[in-house]
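Next comes query21.txt, a file with compact mmCIF, C-alpha atoms.
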# COMPACT_ATOMS: atom_id res chain seq x y z
CA MET D 1412 0.00 0.00 0.00
CA PRO D 1413 1.47 3.40 -0.94
CA LEU D 1414 2.30 5.84 1.82
CA PHE D 1415 -0.03 8.55 0.47
CA SER D 1416 -3.63 7.99 -0.55
CA SER D 1417 -3.44 10.51 -3.43
CA SER D 1418 -1.14 12.98 -5.11
CA ARG D 1419 -3.08 15.77 -3.37
CA GLU D 1420 -2.32 14.27 0.04
CA ARG D 1421 1.36 14.03 -0.92
CA ARG D 1422 1.34 17.70 -1.99
CA LEU D 1423 -0.30 18.74 1.31
CA TRP D 1424 2.29 16.89 3.43
CA THR D 1425 5.07 18.32 1.22
CA ALA D 1426 3.67 21.83 1.68
CA LEU D 1427 3.59 21.23 5.44
CA LEU D 1428 7.22 20.12 5.39
CA ILE D 1429 8.20 23.27 3.45
CA VAL D 1430 6.32 25.50 5.89
CA LEU D 1431 7.93 23.79 8.89
CA ILE D 1432 11.40 24.08 7.36
CA ALA D 1433 10.78 27.79 6.77
CA ILE D 1434 9.58 28.29 10.36
CA TYR D 1435 12.35 26.26 11.97
CA ALA D 1436 15.09 27.64 9.69
CA THR D 1437 14.34 31.22 10.69
CA LEU D 1438 14.33 30.59 14.43
CA GLY D 1439 17.95 31.60 14.88
CA ASN D 1440 17.69 34.74 12.74
CA ALA D 1441 14.25 35.90 13.89
CA PRO D 1442 15.55 38.25 16.64
CA ALA D 1443 17.96 39.94 14.21
CA ILE D 1444 15.28 40.34 11.54
CA ALA D 1445 12.83 41.72 14.12
CA ALA D 1446 15.47 44.15 15.42
CA LEU D 1447 16.19 45.40 11.89
CA LEU D 1448 12.48 45.94 11.18
CA ARG D 1449 11.99 47.58 14.59
CA GLU D 1450 14.93 49.89 13.88
CA ARG D 1451 13.22 50.99 10.66
CA ASN D 1452 9.89 51.45 12.49
CA SER D 1453 8.25 48.89 10.24
CA LEU D 1454 8.01 45.80 12.45
CA THR D 1455 4.31 46.06 13.34
CA ALA D 1456 3.23 46.95 9.80
CA THR D 1457 5.36 44.18 8.29
CA MET D 1458 4.05 41.59 10.74
CA PHE D 1459 0.47 42.72 10.12
CA VAL D 1460 0.86 42.44 6.33
CA VAL D 1461 2.58 39.03 6.59
CA SER D 1462 -0.12 37.81 8.96
CA LEU D 1463 -2.92 39.06 6.71
CA TRP D 1464 -1.23 37.49 3.69
CA SER D 1465 -0.99 34.19 5.60
CA LEU D 1466 -4.69 34.31 6.47
CA VAL D 1467 -5.66 35.00 2.85
CA THR D 1468 -3.39 32.16 1.72
CA ILE D 1469 -4.98 29.79 4.22
CA SER D 1470 -8.43 30.82 3.02
CA ILE D 1471 -7.61 30.37 -0.67
CA LEU D 1472 -5.75 27.08 -0.25
CA PHE D 1473 -8.61 25.25 1.34
CA VAL D 1474 -11.66 26.38 -0.63
CA ARG D 1475 -12.60 23.40 -2.78
CA ARG D 1476 -15.71 24.86 -4.34
CA ARG D 1477 -17.26 28.23 -4.79
CA PRO D 1478 -18.59 29.36 -1.40
CA GLY D 1479 -22.17 30.49 -0.99
CA ARG D 1480 -23.32 33.63 0.83
CA ALA D 1481 -23.62 31.90 4.19
CA GLU D 1482 -20.11 30.47 3.88
CA LEU D 1483 -18.72 33.84 2.83
CA ALA D 1484 -20.40 35.50 5.80
CA VAL D 1485 -18.95 32.93 8.19
CA GLY D 1486 -15.56 33.28 6.48
CA VAL D 1487 -15.58 37.06 6.88
CA GLY D 1488 -16.54 36.59 10.53
CA ILE D 1489 -13.61 34.23 11.03
CA VAL D 1490 -11.20 36.69 9.40
CA ILE D 1491 -12.50 39.43 11.70
CA VAL D 1492 -12.02 37.19 14.75
CA TYR D 1493 -8.45 36.46 13.65
CA MET D 1494 -7.66 40.11 13.08
CA MET D 1495 -9.19 41.10 16.42
CA ALA D 1496 -7.21 38.36 18.15
CA TRP D 1497 -4.05 39.63 16.44
CA LEU D 1498 -4.74 43.19 17.56
CA ARG D 1499 -5.91 42.34 21.09
CA ILE D 1500 -3.07 40.09 22.14
CA GLY D 1501 -1.54 43.02 23.97
CA ILE D 1502 1.00 41.07 25.98
CA ALA D 1503 2.64 39.75 22.84
CA THR D 1504 5.21 41.46 20.69
CA PRO D 1505 4.41 41.69 16.97
CA GLU D 1506 6.79 38.81 16.21
CA GLU D 1507 5.07 36.64 18.84
CA ARG D 1508 1.73 37.41 17.24
CA THR D 1509 2.89 35.73 14.04
CA HIS D 1510 2.56 32.40 15.85
CA LEU D 1511 -1.18 32.85 15.40
CA PHE D 1512 -0.82 32.64 11.63
CA GLU D 1513 2.20 30.35 11.30
CA TYR D 1514 0.57 27.58 13.29
CA SER D 1515 -2.83 28.22 11.74
CA LEU D 1516 -1.24 27.37 8.40
CA VAL D 1517 0.49 24.32 9.91
CA ALA D 1518 -2.76 23.07 11.46
CA ALA D 1519 -4.78 23.75 8.30
CA LEU D 1520 -2.31 21.74 6.21
CA VAL D 1521 -2.29 18.84 8.68
CA HIS D 1522 -6.09 18.86 8.92
CA GLU D 1523 -6.59 19.02 5.16
CA ALA D 1524 -4.07 16.21 4.57
CA LEU D 1525 -5.83 14.01 7.12
CA LEU D 1526 -9.24 14.76 5.59
CA GLU D 1527 -7.89 13.95 2.12
CA ARG D 1528 -6.50 10.68 3.45
CA ARG D 1529 -9.85 9.75 5.01
CA GLU D 1530 -11.79 10.71 1.87
CA ASN D 1531 -9.60 8.29 -0.08
CA GLY D 1532 -10.56 5.35 2.13
CA ARG D 1533 -7.74 5.34 4.65
CA ARG D 1534 -8.53 5.02 8.34
CA VAL D 1535 -8.14 8.39 10.08
CA PRO D 1536 -9.90 8.51 13.45
CA ALA D 1537 -11.17 11.98 14.43
CA PRO D 1538 -9.16 14.01 11.88
CA ALA D 1539 -9.80 17.33 13.65
CA ILE D 1540 -8.55 16.07 17.01
CA LEU D 1541 -5.61 14.26 15.42
CA ALA D 1542 -4.71 17.42 13.45
CA LEU D 1543 -4.86 19.45 16.65
CA ILE D 1544 -2.58 17.02 18.49
CA ILE D 1545 -0.06 16.90 15.63
CA SER D 1546 -0.08 20.71 15.28
CA VAL D 1547 0.40 21.29 19.01
CA LEU D 1548 3.30 18.83 19.02
CA LEU D 1549 4.90 20.61 16.04
CA GLY D 1550 4.52 23.94 17.86
CA TRP D 1551 6.06 22.39 20.94
CA LEU D 1552 8.95 21.14 18.80
CA ASP D 1553 9.43 24.75 17.63
CA GLU D 1554 9.94 25.81 21.23
CA GLY D 1555 12.18 22.82 21.91
CA ILE D 1556 14.43 23.83 19.04
CA GLN D 1557 14.52 27.39 20.38
CA SER D 1558 15.69 26.12 23.77
CA LEU D 1559 18.77 24.69 22.03
CA LEU D 1560 19.69 27.93 20.23
CA PRO D 1561 22.08 30.31 22.00
CA ASN D 1562 20.01 33.47 21.47
CA ARG D 1563 16.54 31.95 22.03
CA VAL D 1564 14.60 30.53 24.96
CA TYR D 1565 11.78 28.05 25.53
CA ASP D 1566 8.59 30.03 26.17
CA ASN D 1567 5.37 28.45 27.46
CA MET D 1568 3.43 31.47 26.17
CA ASP D 1569 4.57 30.64 22.62
CA VAL D 1570 3.42 27.04 23.09
CA LEU D 1571 0.06 28.48 24.14
CA PHE D 1572 -0.06 30.78 21.06
CA ASN D 1573 0.77 27.86 18.78
CA SER D 1574 -1.94 25.74 20.40
CA LEU D 1575 -4.45 28.60 20.22
CA ALA D 1576 -3.69 29.09 16.52
CA ALA D 1577 -4.19 25.39 15.78
CA THR D 1578 -7.44 25.34 17.77
CA MET D 1579 -8.75 28.47 16.05
CA ILE D 1580 -8.15 27.26 12.50
CA ILE D 1581 -9.43 23.73 13.07
CA GLY D 1582 -12.48 25.15 14.85
CA SER D 1583 -12.99 27.62 11.99
CA ARG D 1584 -12.74 24.86 9.41
CA TRP D 1585 -15.23 22.78 11.41
CA ILE D 1586 -17.67 25.71 11.59
CA LEU D 1587 -17.39 26.29 7.84
CA ALA D 1588 -17.99 22.59 7.13
CA PHE D 1589 -20.99 22.63 9.48
CA VAL D 1590 -22.47 25.69 7.73
CA ARG D 1591 -21.81 24.14 4.31
CA HIS D 1592 -23.59 20.94 5.40
CA LYS D 1593 -26.58 22.80 6.92
CA VAL D 1594 -27.01 25.07 3.90
CA GLY D 1595 -26.77 22.04 1.58
CA ALA D 1596 -29.40 20.18 3.61
CA TRP D 1597 -31.65 23.25 3.65
CA ARG D 1598 -31.38 23.59 -0.15
CA GLU D 1599 -32.21 19.92 -0.68
CA ASN D 1600 -35.34 20.25 1.46
CA ALA D 1601 -36.46 23.52 -0.13

So, in terms of structure tokens, how does the structure I just supplied come out?
Amino acid sequence: MPLFSSSRERRLWTALLIVLIAIYATLGNAPAIAALLRERNSLTATMFVVSLWSLVTISILFVRRRPGRAELAVGVGIVIVYMMAWLRIGIATPEERTHLFEYSLVAALVHEALLERRENGRRVPAPAILALIISVLLGWLDEGIQSLLPNRVYDNMDVLFNSLAATMIIGSRWILAFVRHKVGAWRENA
């Protein structure tokens, strides 16, 4: 039996690997990059634009069919919740806030790969819960790597941000699927 259930699943896991390599590879240089942007008074704006771009990318990557009005409304609501969370996390620095979007992308890729695997007949028990567990562990690994770097430290707050991001995106995806199902059932009965 092949490792992947489809070429799409293989592409999703490959995309996840690329994202993780990008996240983990920048861990050592992140403070220097943040300092340079802070020195130019563009750290907050840059982080906001990168975070918004990440959210748009997440949204576009995982839309399989044209969304209806109800799905668009829920999607806009989710984007607003994300942006408000980004703005209201007052205790976090702008670079810490990026965890919200980095690990949302990680969790979305894991969740989508697991759903693809299940749709192709492979056994995947509770894909949302499994995706959450995998994503939290990958975020924890991020912090573990940082504890080994000379200019970084292990931070429980970052583990919490990573876990929150994974929970938010998987919950958002579940809500969108629920709305899609309810609207589809309503249309069939109408």

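When all atoms listed in the file are used to measure the gap to D:Glu1527, the shortest distance among D:Leu1483, D:Glu1420, D:Ala1443, D:Ser1515 belongs to D:Glu1420.
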
As a ChimeraX atom specification, please: the residues near D:Asn1573 (cut-off 9 Å, only C-alpha atoms, same-chain neighbours under 4 positions excluded).
/D:1510-1515,1546-1547,1549-1551,1568-1569,1577-1578

Tell me which of D:Arg1563, D:Arg1533, D:His1522, D:Arg1591 sits closest to D:Met1412, counting all atoms listed in the file.
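For D:Met1412, the nearest of the candidates is D:Arg1533.
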
When distances are computed from all atoms listed in the file, which of D:Ile1540, D:Ala1456, D:Gly1479, D:Arg1529 shows the smallest separation from D:Arg1598?
D:Gly1479

Extract, using all atoms listed in the file, all DNA, RNA and protein residues at most 9 Å from D:Gly1439, discarding same-chain residues fewer than 5 positions from it, and format them as JSON, numbers by chain.
{"D": [1557, 1560, 1561, 1562, 1563]}

Between atom CA of D:Ile1556 and atom CA of D:Val1521, what is the distance in Å, rounded to a tenth?
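Going from atom CA of D:Ile1556 over to atom CA of D:Val1521, I get 20.3 Å.
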
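For the atom pair formed by atom CA of D:Val1564 and atom CA of D:Thr1509, the distance is 16.8 Å, given to one decimal.
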
List as an NGL selection string the residues having at least one atom at most 12 Å from position (-8.9, 11.9, 1.0) as given in the file, counting only C-alpha atoms.
:D and (1415-1421 or 1423 or 1522-1535 or 1538)

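If you measure from each of D:Arg1422, D:Leu1575, D:Leu1543, D:Ser1583 to D:Ile1491 using all atoms listed in the file, the closest one turns out to be D:Ser1583.
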
Atom CA of D:Gly1486 sits from atom CA of D:Ile1432 at a separation of 28.5 Å

Using all atoms listed in the file, can you tell me which of D:Leu1520, D:Thr1457, D:Ile1444, D:Val1485 comes closest to D:Ile1429?
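Counting all atoms listed in the file, the residue closest to D:Ile1429 is D:Leu1520.
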
I want to know what sits within 8 Å of D:Ile1580, based on all atoms listed in the file, with residues of the same chain fewer than 4 positions away left out; could you give that as a list in words?
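Within the cut-off, the hits are Ser1515, Ala1518, Ala1519, Ala1576 and Arg1584 of chain D.
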
Using all atoms listed in the file, which residue out of D:Leu1431, D:Leu1516, D:Val1487, D:Leu1414 lies closest to D:Leu1552?
D:Leu1431
